[in-house]
$ cat structure_0.cif   # mmCIF, C-alpha atoms (C1' of nucleotides)
data_start
loop_
_atom_site.label_atom_id
_atom_site.label_comp_id
_atom_site.auth_asym_id
_atom_site.auth_seq_id
_atom_site.Cartn_x
_atom_site.Cartn_y
_atom_site.Cartn_z
CA MET A 1 -44.76 20.06 2.16
CA ASN A 2 -47.75 18.10 0.98
CA VAL A 3 -50.19 16.58 3.41
CA ASP A 4 -53.05 15.21 1.42
CA THR A 5 -56.71 15.37 2.38
CA THR A 6 -56.75 11.88 3.88
CA GLY A 7 -54.29 13.10 6.50
CA PHE A 8 -51.66 10.72 5.14
CA GLU A 9 -48.31 12.44 4.96
CA THR A 10 -46.75 11.88 1.56
CA SER A 11 -44.22 14.52 2.61
CA SER A 12 -41.65 14.44 -0.16
CA LEU A 13 -38.86 16.89 0.44
CA SER A 14 -36.48 18.27 -2.14
CA ILE A 15 -32.77 18.03 -1.50
CA GLY A 16 -32.66 21.75 -0.77
CA THR A 17 -35.36 21.47 1.87
CA LEU A 18 -33.63 18.51 3.44
CA ALA A 19 -30.41 20.51 3.48
CA GLN A 20 -32.13 23.33 5.35
CA ARG A 21 -33.83 21.02 7.81
CA ALA A 22 -30.60 19.22 8.70
CA GLU A 23 -28.30 22.25 8.44
CA CYS A 24 -26.17 20.70 5.78
CA LYS A 25 -25.07 21.59 2.26
CA VAL A 26 -26.78 20.11 -0.75
CA GLN A 27 -23.50 18.79 -2.08
CA THR A 28 -22.79 17.09 1.20
CA ILE A 29 -26.07 15.20 0.98
CA ARG A 30 -25.20 13.94 -2.48
CA TYR A 31 -21.76 13.02 -1.16
CA TYR A 32 -23.27 11.04 1.73
CA GLU A 33 -25.45 9.19 -0.73
CA GLN A 34 -22.43 8.42 -2.86
CA ILE A 35 -20.47 6.93 0.05
CA GLY A 36 -23.52 5.04 1.27
CA LEU A 37 -24.29 6.95 4.48
CA LEU A 38 -27.67 7.96 3.13
CA PRO A 39 -29.75 5.54 1.06
CA PRO A 40 -30.60 6.66 -2.47
CA PRO A 41 -34.04 8.25 -2.28
CA GLU A 42 -36.93 8.03 -4.70
CA ARG A 43 -36.84 10.32 -7.72
CA ASN A 44 -39.68 12.33 -9.19
CA ALA A 45 -40.60 12.43 -12.87
CA GLY A 46 -37.84 14.94 -13.56
CA ASN A 47 -35.16 12.78 -11.88
CA GLN A 48 -34.94 14.93 -8.78
CA ARG A 49 -34.41 13.38 -5.35
CA ARG A 50 -37.45 13.26 -3.04
CA TYR A 51 -36.86 12.59 0.64
CA THR A 52 -39.00 11.43 3.52
CA GLU A 53 -38.91 12.46 7.16
CA ASP A 54 -36.73 9.43 7.85
CA ALA A 55 -34.02 11.01 5.78
CA VAL A 56 -34.24 14.17 7.90
CA LYS A 57 -33.72 12.09 11.03
CA ARG A 58 -30.87 10.12 9.59
CA LEU A 59 -29.10 13.16 8.23
CA THR A 60 -29.57 15.07 11.47
CA PHE A 61 -28.02 12.18 13.32
CA ILE A 62 -25.09 12.14 10.92
CA ARG A 63 -24.51 15.87 11.22
CA HIS A 64 -24.63 15.79 15.00
CA ALA A 65 -22.21 12.91 15.11
CA ARG A 66 -19.89 14.81 12.76
CA ASP A 67 -20.17 17.86 15.02
CA PHE A 68 -19.03 15.59 17.82
CA GLY A 69 -16.04 14.70 15.71
CA PHE A 70 -16.95 11.11 14.90
CA THR A 71 -15.49 9.89 11.64
CA VAL A 72 -17.70 8.77 8.81
CA GLU A 73 -16.72 5.17 9.51
CA ALA A 74 -17.69 5.50 13.17
CA ILE A 75 -20.99 7.03 12.11
CA ARG A 76 -21.60 4.14 9.78
CA GLU A 77 -21.26 1.83 12.78
CA LEU A 78 -23.43 4.02 14.98
CA LEU A 79 -26.15 4.01 12.32
CA ASP A 80 -25.97 0.25 11.96
CA MET A 81 -26.30 -0.10 15.70
CA SER A 82 -29.15 2.33 16.07
CA ASP A 83 -31.01 0.22 13.52
CA GLN A 84 -30.79 -2.69 15.97
CA PRO A 85 -32.33 -1.31 19.16
CA ASP A 86 -32.25 -4.70 20.93
CA MET A 87 -28.49 -5.05 20.89
CA PRO A 88 -26.60 -4.17 24.06
CA CYS A 89 -25.15 -0.71 23.77
CA ASP A 90 -21.63 -1.61 24.92
CA HIS A 91 -20.28 -1.06 21.48
CA VAL A 92 -21.84 2.39 21.19
CA ASP A 93 -20.37 3.25 24.54
CA GLY A 94 -17.00 1.88 23.49
CA LEU A 95 -16.96 3.92 20.31
CA ALA A 96 -17.79 7.06 22.22
CA LYS A 97 -15.13 6.38 24.84
CA ARG A 98 -12.46 5.71 22.27
CA HIS A 99 -13.39 8.91 20.53
CA LEU A 100 -13.17 10.80 23.79
CA GLU A 101 -9.69 9.39 24.34
CA GLU A 102 -8.60 10.60 20.93
CA VAL A 103 -9.98 14.04 21.63
CA GLU A 104 -8.16 14.13 24.95
CA ALA A 105 -4.93 13.07 23.31
CA ARG A 106 -5.26 15.80 20.71
CA LEU A 107 -5.97 18.31 23.44
CA ALA A 108 -2.85 17.29 25.32
CA ARG A 109 -0.66 17.60 22.26
CA LEU A 110 -2.18 20.90 21.28
CA SER A 111 -1.67 22.42 24.68
CA VAL A 112 2.01 21.48 24.71
CA LEU A 113 2.20 23.06 21.30
CA ARG A 114 0.50 26.20 22.56
CA ASP A 115 2.95 26.53 25.43
CA GLU A 116 5.91 26.14 23.12
CA LEU A 117 4.55 28.71 20.71
CA ARG A 118 4.00 31.15 23.55
CA ARG A 119 7.51 30.61 24.83
CA MET A 120 8.91 31.14 21.37
CA ILE A 121 6.95 34.32 20.81
CA LEU A 122 8.02 35.76 24.16
CA LEU A 123 11.64 35.35 23.13
CA CYS A 124 11.20 37.65 20.15
CA GLN A 125 12.23 41.18 21.10
CA GLY A 126 11.66 42.77 17.73
CA GLY A 127 14.61 43.85 15.63
CA ASN A 128 15.74 42.16 12.45
CA VAL A 129 15.16 38.73 11.09
CA GLY A 130 18.87 38.09 11.56
CA GLU A 131 18.48 38.14 15.33
CA CYS A 132 14.97 36.76 15.42
CA ARG A 133 14.67 34.12 18.09
CA ILE A 134 11.65 32.58 16.42
CA ILE A 135 13.62 31.75 13.31
CA GLU A 136 16.41 30.56 15.55
CA VAL A 137 14.23 28.20 17.54
CA LEU A 138 12.85 26.74 14.36
CA SER A 139 16.33 26.30 12.92
CA ASP A 140 18.04 24.82 15.92
CA HIS A 141 17.24 21.38 17.10
CA ARG A 142 18.46 22.02 20.64
CA LEU A 143 16.18 24.98 21.26
CA CYS A 144 13.15 22.96 20.40
CA ARG A 145 11.37 21.14 23.21
CA TYR A 146 8.25 20.19 21.39
CA HIS A 147 8.41 17.22 19.10
CA GLY A 148 5.04 16.35 17.72
CA HIS A 149 6.07 12.98 16.44
CA ASP A 150 2.75 11.29 16.04
CA ALA A 151 0.95 14.58 15.78
CA ASP A 152 1.38 17.06 13.04
CA GLY A 153 -0.62 19.83 14.57
CA ASN A 154 -2.76 20.25 11.50
CA ALA A 155 -4.53 17.24 10.24
CA ARG A 156 -5.24 15.39 13.39
CA ASP A 157 -5.37 18.21 15.92
CA MET B 158 30.26 10.99 3.87
CA ASN B 159 33.31 12.22 2.06
CA VAL B 160 35.77 14.59 3.65
CA ASP B 161 38.82 14.68 1.47
CA THR B 162 42.41 14.85 2.67
CA THR B 163 42.64 18.63 2.26
CA GLY B 164 39.99 18.99 4.94
CA PHE B 165 37.61 20.51 2.41
CA GLU B 166 34.16 19.08 2.85
CA THR B 167 32.70 18.06 -0.45
CA SER B 168 29.94 16.44 1.61
CA SER B 169 27.37 15.23 -0.86
CA LEU B 170 24.55 13.44 0.88
CA SER B 171 22.15 10.96 -0.61
CA ILE B 172 18.44 11.52 -0.14
CA GLY B 173 18.35 8.70 2.40
CA THR B 174 21.07 10.27 4.50
CA LEU B 175 19.36 13.63 4.36
CA ALA B 176 16.16 11.94 5.44
CA GLN B 177 17.89 10.46 8.49
CA ARG B 178 19.62 13.69 9.40
CA ALA B 179 16.42 15.71 9.28
CA GLU B 180 14.12 12.98 10.63
CA CYS B 181 11.96 12.96 7.57
CA LYS B 182 10.85 10.42 5.01
CA VAL B 183 12.50 10.16 1.63
CA GLN B 184 9.19 10.64 -0.15
CA THR B 185 8.52 13.74 1.84
CA ILE B 186 11.79 15.25 0.64
CA ARG B 187 10.87 14.58 -2.95
CA TYR B 188 7.44 16.05 -2.24
CA TYR B 189 8.98 19.22 -0.78
CA GLU B 190 11.11 19.56 -3.88
CA GLN B 191 8.05 19.15 -6.05
CA ILE B 192 6.14 21.90 -4.27
CA GLY B 193 9.18 24.15 -4.24
CA LEU B 194 10.01 24.14 -0.53
CA LEU B 195 13.40 22.58 -1.22
CA PRO B 196 15.44 23.60 -4.27
CA PRO B 197 16.24 20.82 -6.75
CA PRO B 198 19.71 19.55 -5.82
CA GLU B 199 22.58 18.47 -8.05
CA ARG B 200 22.48 14.95 -9.45
CA ASN B 201 25.29 12.46 -9.71
CA ALA B 202 26.18 10.46 -12.83
CA GLY B 203 23.44 7.97 -12.04
CA ASN B 204 20.77 10.70 -11.76
CA GLN B 205 20.56 10.47 -7.98
CA ARG B 206 20.07 13.57 -5.84
CA ARG B 207 23.11 14.81 -3.94
CA TYR B 208 22.56 17.27 -1.12
CA THR B 209 24.76 19.72 0.77
CA GLU B 210 24.70 20.70 4.43
CA ASP B 211 22.53 23.66 3.49
CA ALA B 212 19.79 21.25 2.54
CA VAL B 213 20.04 19.63 5.98
CA LYS B 214 19.55 23.03 7.62
CA ARG B 215 16.68 24.01 5.40
CA LEU B 216 14.89 20.70 5.80
CA THR B 217 15.41 20.71 9.55
CA PHE B 218 13.88 24.16 9.68
CA ILE B 219 10.92 22.98 7.64
CA ARG B 220 10.35 19.92 9.82
CA HIS B 221 10.51 21.92 13.01
CA ALA B 222 8.10 24.47 11.67
CA ARG B 223 5.76 21.63 10.67
CA ASP B 224 6.08 20.18 14.16
CA PHE B 225 4.98 23.58 15.42
CA GLY B 226 1.95 23.27 13.20
CA PHE B 227 2.82 25.94 10.66
CA THR B 228 1.32 25.32 7.26
CA VAL B 229 3.50 24.83 4.22
CA GLU B 230 2.48 28.27 2.98
CA ALA B 231 3.51 29.87 6.27
CA ILE B 232 6.81 28.01 6.10
CA ARG B 233 7.37 29.30 2.60
CA GLU B 234 7.08 32.82 4.00
CA LEU B 235 9.29 32.05 6.98
CA LEU B 236 11.95 30.66 4.66
CA ASP B 237 11.77 33.71 2.42
CA MET B 238 12.15 35.92 5.43
CA SER B 239 15.03 34.00 6.97
CA ASP B 240 16.82 34.48 3.65
CA GLN B 241 16.63 38.24 4.25
CA PRO B 242 18.23 38.70 7.68
CA ASP B 243 18.16 42.51 7.47
CA MET B 244 14.41 42.80 7.32
CA PRO B 245 12.57 43.69 10.51
CA CYS B 246 11.11 40.55 12.05
CA ASP B 247 7.62 41.95 12.65
CA HIS B 248 6.21 39.70 10.01
CA VAL B 249 7.77 36.59 11.50
CA ASP B 250 6.36 37.57 14.84
CA GLY B 251 2.97 38.24 13.30
CA LEU B 252 2.89 34.86 11.62
CA ALA B 253 3.75 33.11 14.86
CA LYS B 254 1.15 35.06 16.80
CA ARG B 255 -1.57 34.35 14.28
CA HIS B 256 -0.66 30.71 14.42
CA LEU B 257 -0.83 30.75 18.19
CA GLU B 258 -4.29 32.26 18.01
CA GLU B 259 -5.44 29.49 15.72
CA VAL B 260 -4.04 26.87 18.04
CA GLU B 261 -5.81 28.51 20.98
CA ALA B 262 -9.08 28.59 19.08
CA ARG B 263 -8.77 24.91 18.23
CA LEU B 264 -8.01 24.15 21.85
CA ALA B 265 -11.08 26.01 23.01
CA ARG B 266 -13.34 24.18 20.57
CA LEU B 267 -11.82 20.84 21.39
CA SER B 268 -12.26 21.27 25.11
CA VAL B 269 -15.94 22.12 24.71
CA LEU B 270 -16.20 19.00 22.59
CA ARG B 271 -14.44 16.93 25.25
CA ASP B 272 -16.84 18.14 27.93
CA GLU B 273 -19.85 17.30 25.79
CA LEU B 274 -18.51 13.86 25.01
CA ARG B 275 -17.90 13.21 28.69
CA ARG B 276 -21.38 14.35 29.58
CA MET B 277 -22.85 12.13 26.91
CA ILE B 278 -20.89 9.09 28.02
CA LEU B 279 -21.90 9.58 31.64
CA LEU B 280 -25.55 9.41 30.61
CA CYS B 281 -25.14 5.92 29.22
CA GLN B 282 -26.14 3.38 31.87
CA GLY B 283 -25.60 0.27 29.79
CA GLY B 284 -28.57 -1.71 28.56
CA ASN B 285 -29.76 -1.88 24.99
CA VAL B 286 -29.21 0.39 22.05
CA GLY B 287 -32.89 1.20 22.18
CA GLU B 288 -32.47 3.08 25.45
CA CYS B 289 -28.96 4.28 24.76
CA ARG B 290 -28.64 7.92 25.70
CA ILE B 291 -25.64 8.37 23.42
CA ILE B 292 -27.68 7.51 20.36
CA GLU B 293 -30.44 9.67 21.72
CA VAL B 294 -28.23 12.72 22.19
CA LEU B 295 -26.92 12.33 18.68
CA SER B 296 -30.42 12.00 17.27
CA ASP B 297 -32.10 14.79 19.08
CA HIS B 298 -31.27 18.34 18.36
CA ARG B 299 -32.44 19.62 21.71
CA LEU B 300 -30.15 17.39 23.75
CA CYS B 301 -27.14 18.69 21.95
CA ARG B 302 -25.33 21.70 23.38
CA TYR B 303 -22.26 21.55 21.29
CA HIS B 304 -22.46 22.90 17.79
CA GLY B 305 -19.09 22.92 16.12
CA HIS B 306 -20.17 25.01 13.21
CA ASP B 307 -16.83 26.12 11.90
CA ALA B 308 -15.06 23.20 13.48
CA ASP B 309 -15.55 19.61 12.60
CA GLY B 310 -13.30 18.10 15.19
CA ASN B 311 -11.33 16.21 12.62
CA ALA B 312 -9.90 18.12 9.79
CA ARG B 313 -9.38 21.50 11.33
CA ASP B 314 -9.07 20.63 15.00
"C1'" DG C 315 33.36 -10.96 -11.97
"C1'" DA C 316 28.85 -12.47 -10.25
"C1'" DT C 317 25.36 -11.95 -7.12
"C1'" DA C 318 22.44 -10.15 -3.50
"C1'" DT C 319 20.81 -6.53 -1.07
"C1'" DT C 320 19.82 -2.04 -0.51
"C1'" DC C 321 19.21 2.17 -2.20
"C1'" DC C 322 17.42 5.27 -5.67
"C1'" DC C 323 14.42 6.90 -9.77
"C1'" DT C 324 9.68 8.45 -11.90
"C1'" DA C 325 4.90 8.46 -12.02
"C1'" DC C 326 0.69 7.94 -10.18
"C1'" DA C 327 -3.12 6.57 -6.85
"C1'" DG C 328 -4.96 7.12 -2.31
"C1'" DC C 329 -6.17 9.27 2.19
"C1'" DC C 330 -10.26 12.34 4.66
"C1'" DA C 331 -14.54 14.84 4.35
"C1'" DC C 332 -16.02 17.53 1.83
"C1'" DT C 333 -16.26 21.86 -1.64
"C1'" DA C 334 -16.46 24.15 -6.08
"C1'" DG C 335 -17.38 24.54 -10.76
"C1'" DA C 336 -18.96 23.51 -15.56
"C1'" DG C 337 -22.63 22.73 -18.34
"C1'" DG C 338 -27.05 21.17 -18.70
"C1'" DT C 339 -32.31 20.11 -17.06
"C1'" DT C 340 -36.50 20.85 -14.30
"C1'" DC C 341 -39.62 23.37 -11.55
"C1'" DA C 342 -42.57 27.08 -9.69
"C1'" DA C 343 -44.12 31.69 -9.92
"C1'" DG C 344 -45.85 35.50 -12.52
"C1'" DC D 345 -44.40 31.63 -21.98
"C1'" DT D 346 -40.64 33.41 -19.63
"C1'" DT D 347 -37.61 33.95 -16.08
"C1'" DG D 348 -34.68 32.45 -12.57
"C1'" DA D 349 -33.87 29.49 -8.87
"C1'" DA D 350 -33.13 25.01 -7.80
"C1'" DC D 351 -31.88 20.75 -9.43
"C1'" DC D 352 -28.94 17.15 -12.17
"C1'" DT D 353 -24.18 14.61 -13.29
"C1'" DC D 354 -19.43 14.63 -13.60
"C1'" DT D 355 -14.98 16.06 -12.55
"C1'" DA D 356 -11.30 18.19 -10.09
"C1'" DG D 357 -9.37 20.31 -6.11
"C1'" DT D 358 -8.15 20.91 -0.99
"C1'" DG D 359 -3.46 19.69 2.57
"C1'" DG D 360 0.30 17.20 3.50
"C1'" DC D 361 1.81 13.75 2.78
"C1'" DT D 362 2.06 8.14 2.15
"C1'" DG D 363 2.22 3.97 -0.55
"C1'" DT D 364 3.01 1.29 -4.55
"C1'" DA D 365 4.55 -0.38 -9.20
"C1'" DG D 366 8.14 -1.11 -12.11
"C1'" DG D 367 12.20 -0.20 -13.00
"C1'" DG D 368 17.76 1.52 -12.62
"C1'" DA D 369 22.04 2.30 -9.63
"C1'" DA D 370 25.30 1.59 -5.88
"C1'" DT D 371 27.55 -1.25 -2.69
"C1'" DA D 372 28.89 -5.46 0.06
"C1'" DT D 373 30.01 -10.08 -0.12
"C1'" DC D 374 31.47 -14.29 -2.33
#
$ encode --input "structure_0.cif" --output "structure tokens"
Amino acid sequence: MNVDTTGFETSSLSIGTLAQRAECKVQTIRYYEQIGLLPPPERNAGNQRRYTEDAVKRLTFIRHARDFGFTVEAIRELLDMSDQPDMPCDHVDGLAKRHLEEVEARLARLSVLRDELRRMILLCQGGNVGECRIIEVLSDHRLCRYHGHDADGNARD
Amino acid sequence: MNVDTTGFETSSLSIGTLAQRAECKVQTIRYYEQIGLLPPPERNAGNQRRYTEDAVKRLTFIRHARDFGFTVEAIRELLDMSDQPDMPCDHVDGLAKRHLEEVEARLARLSVLRDELRRMILLCQGGNVGECRIIEVLSDHRLCRYHGHDADGNARD
DNA sequence: GATATTCCCTACAGCCACTAGAGGTTCAAG
DNA sequence: CTTGAACCTCTAGTGGCTGTAGGGAATATC
């Protein structure tokens, strides 16, 4: 942190400091630069990245939006929009609402999945694999209520 | 489909037929063979894969287990175990229970996320991006209750 | 027998959002 | 001047597929 005697904040942060400030890994910052979420910063004489406070803000925004589950593409849009404060915020609202719907859909699918798993586990009375009802449920189409057709339970949920 | 006159089922299925029977894409079958979930089948004179009914069973099992959200590695174990019907089924049960716990954890995180998203959306009263509370919440650390540290809402949830 | 359509083959690139590692350079403290 | 942490670039890997290119094979129809 370097505040010079004129009171003018030159404030050039290393990538490690930025990472700490925005609770983010160093590699992730370089990745965001690579995909164009963060603008390439100035470099010092030794070719190391030097960031301003603006970068802290931008990265914090990105990390929060990621925590909220927004995709990188959605964040790109949100950033574009927040750079134009005079636009109506319908689109921001729309993005958020669509995201909420997706989260709700995932929740619904996951809770059906949870119920089916519970049911399956209750069936298992111990014993040998040969009589195991869990294996049986997984083998037999007819015993299986849950069909996560457009949900695979891993990637999207 | 070839059932000969003796009533003996020679039953050699093409990859496409197997795909239909197990509700699975052709590429996915080849992928499962590649990663060793399905054994390499016989080939006909023209180098095309020919499957037996056993393959239908195995693939159906795999697809159901995937629908239940088990990972490929877990399925590998389940398959190994179902090949040994005399083993006690504790391990099967354990796998299922651990999976259930993961699903429940994801559900819990997702529902916190849903609540936060709802709260955020309610704050937005229309108007311009400049006053948009959604952007504001995402920008400002202090307005943000949800911190999905080991959950990013996309990949793992 | 020719043709058209559909199936099948291999091999490889791409998806998402990072993460990890190799192998080298620069910086700050003592 | 030396040490060691932090930095640099580049590449490959994660999971679970999906899609495509550029062919060969099987089958139905004429």
$ interface_residues --input "structure_0.cif" --of "chain D" --to "chain B" --cutoff "9 Å" --atoms "all atoms listed in the file" --output "list in words"
DG359, DG360, DC361, DT362, DG368 and DA369 of chain D
$ closest_residue --input "structure_0.cif" --among "B:Gln191, B:Ser171, B:Ser239, B:Asn285" --to "C:DC322" --atoms "only C-alpha atoms (C1' of nucleotides)"
B:Ser171
$ resolve_selection --input "structure_0.cif" --expression "the PyMOL selection byres ((chain C and resi 334) around 9)" --output "count of residues only"
4
$ residues_around --input "structure_0.cif" --residues "stretch 248-255 of chain B" --least-positions-apart "6" --cutoff "10 Å" --atoms "all atoms listed in the file" --output "list in words"
Leu117, Arg118, Met120, Ile121, Leu122, Cys124, Gln125, Gly126, Asn128, Val129, Cys132, Arg133, Ile134 and Ile135 of chain A; Phe225, Phe227, Ala231, Ile232, Glu234, Leu235, Leu236, Met238, Ser239 and Glu261 of chain B
$ resolve_selection --input "structure_0.cif" --expression "the PyMOL selection byres ((chain C) within 10 of (chain B))" --output "ChimeraX atom specification"
/C:321-323,330-331
$ atom_distance --input "structure_0.cif" --atom1 "atom CA of B:Ile192" --atom2 "atom CA of B:Ala262"
28.7 Å
$ closest_residue --input "structure_0.cif" --among "B:Val183, B:Gly226, B:Leu194, B:Arg207" --to "chain A" --atoms "only C-alpha atoms"
B:Gly226
$ closest_residue --input "structure_0.cif" --among "A:Leu123, A:Ala108, A:Val137, A:Met87" --to "chain B" --atoms "all atoms listed in the file"
A:Met87
$ atom_distance --input "structure_0.cif" --atom1 "atom CA of B:Val260" --atom2 "atom CA of B:Ala222"
13.9 Å
$ atom_distance --input "structure_0.cif" --atom1 "atom C1' of D:DA365" --atom2 "atom CA of B:Arg220"
28.4 Å
$ residues_around --input "structure_0.cif" --residues "D:DT371" --least-positions-apart "2" --cutoff "12 Å" --atoms "all atoms listed in the file" --output "PyMOL selection string"
(chain C and resi 317-321) or (chain D and resi 369+373)
$ closest_residue --input "structure_0.cif" --among "C:DA343, C:DA336, C:DC329, C:DA316" --to "D:DT346" --atoms "all atoms listed in the file"
C:DA343
$ resolve_selection --input "structure_0.cif" --expression "the PyMOL selection byres ((chain C and resi 339) around 9)" --output "list in words"
Gly46 of chain A; DG338 and DT340 of chain C; DC351 and DC352 of chain D
$ axis_aligned_box --input "structure_0.cif" --around "stretch 326-340 of chain C" --padding-each-side "4 Å" --output "JSON"
{"center_x": -17.9, "center_y": 15.6, "center_z": -7.0, "size_x": 45.2, "size_y": 26.0, "size_z": 31.4}
$ residues_around --input "structure_0.cif" --residues "C:DC326" --least-positions-apart "3" --cutoff "12 Å" --atoms "all atoms listed in the file" --output "mmCIF file with C-alpha atoms (C1' of nucleotides), in the frame of the given file"
data_model
loop_
_atom_site.group_PDB
_atom_site.id
_atom_site.type_symbol
_atom_site.label_atom_id
_atom_site.label_comp_id
_atom_site.auth_asym_id
_atom_site.auth_seq_id
_atom_site.Cartn_x
_atom_site.Cartn_y
_atom_site.Cartn_z
ATOM 1 C "C1'" DG D 363 2.220 3.970 -0.550
ATOM 2 C "C1'" DT D 364 3.010 1.290 -4.550
ATOM 3 C "C1'" DA D 365 4.550 -0.380 -9.200
ATOM 4 C "C1'" DG D 366 8.140 -1.110 -12.110
#
$ closest_residue --input "structure_0.cif" --among "A:His64, A:Arg43, A:Arg30, A:Arg21" --to "chain B" --atoms "only C-alpha atoms"
A:His64
$ closest_residue --input "structure_0.cif" --among "A:Gly36, A:Arg109, A:Thr60, A:Arg119" --to "chain B" --atoms "all atoms listed in the file"
A:Thr60
$ decode --input "structure_0.cif" --residues "stretch 282-295 of chain B" --atoms "N, CA and C atoms" --output "tab-separated table (two decimals), in the first residue's frame"
chain	number	residue	atom	x	y	z
B	282	GLN	N	-36.85	-2.19	-7.01
B	282	GLN	CA	-38.12	-1.48	-7.22
B	282	GLN	C	-38.23	-0.93	-8.64
B	283	GLY	N	-37.48	-1.46	-9.55
B	283	GLY	CA	-37.45	-0.90	-10.89
B	283	GLY	C	-36.57	0.34	-10.90
B	284	GLY	N	-36.67	1.13	-11.94
B	284	GLY	CA	-35.82	2.31	-12.03
B	284	GLY	C	-34.57	2.02	-12.83
B	285	ASN	N	-33.51	2.76	-12.53
B	285	ASN	CA	-32.30	2.63	-13.32
B	285	ASN	C	-31.27	1.73	-12.64
B	286	VAL	N	-30.34	1.29	-13.45
B	286	VAL	CA	-29.27	0.44	-12.94
B	286	VAL	C	-28.52	1.15	-11.81
B	287	GLY	N	-28.42	2.45	-11.94
B	287	GLY	CA	-27.70	3.22	-10.92
B	287	GLY	C	-28.25	3.03	-9.51
B	288	GLU	N	-29.56	2.88	-9.41
B	288	GLU	CA	-30.16	2.68	-8.07
B	288	GLU	C	-30.47	1.22	-7.80
B	289	CYS	N	-30.10	0.34	-8.72
B	289	CYS	CA	-30.56	-1.04	-8.62
B	289	CYS	C	-29.98	-1.72	-7.38
B	290	ARG	N	-30.85	-2.22	-6.56
B	290	ARG	CA	-30.41	-2.85	-5.31
B	290	ARG	C	-29.76	-4.19	-5.56
B	291	ILE	N	-30.08	-4.82	-6.69
B	291	ILE	CA	-29.46	-6.11	-6.99
B	291	ILE	C	-27.97	-5.92	-7.23
B	292	ILE	N	-27.66	-4.95	-8.08
B	292	ILE	CA	-26.26	-4.62	-8.34
B	292	ILE	C	-25.56	-4.24	-7.04
B	293	GLU	N	-26.29	-3.48	-6.25
B	293	GLU	CA	-25.72	-3.01	-4.98
B	293	GLU	C	-25.37	-4.17	-4.05
B	294	VAL	N	-26.31	-5.09	-3.91
B	294	VAL	CA	-26.08	-6.24	-3.04
B	294	VAL	C	-24.86	-7.03	-3.51
B	295	LEU	N	-24.77	-7.18	-4.83
B	295	LEU	CA	-23.64	-7.94	-5.36
B	295	LEU	C	-22.32	-7.21	-5.18
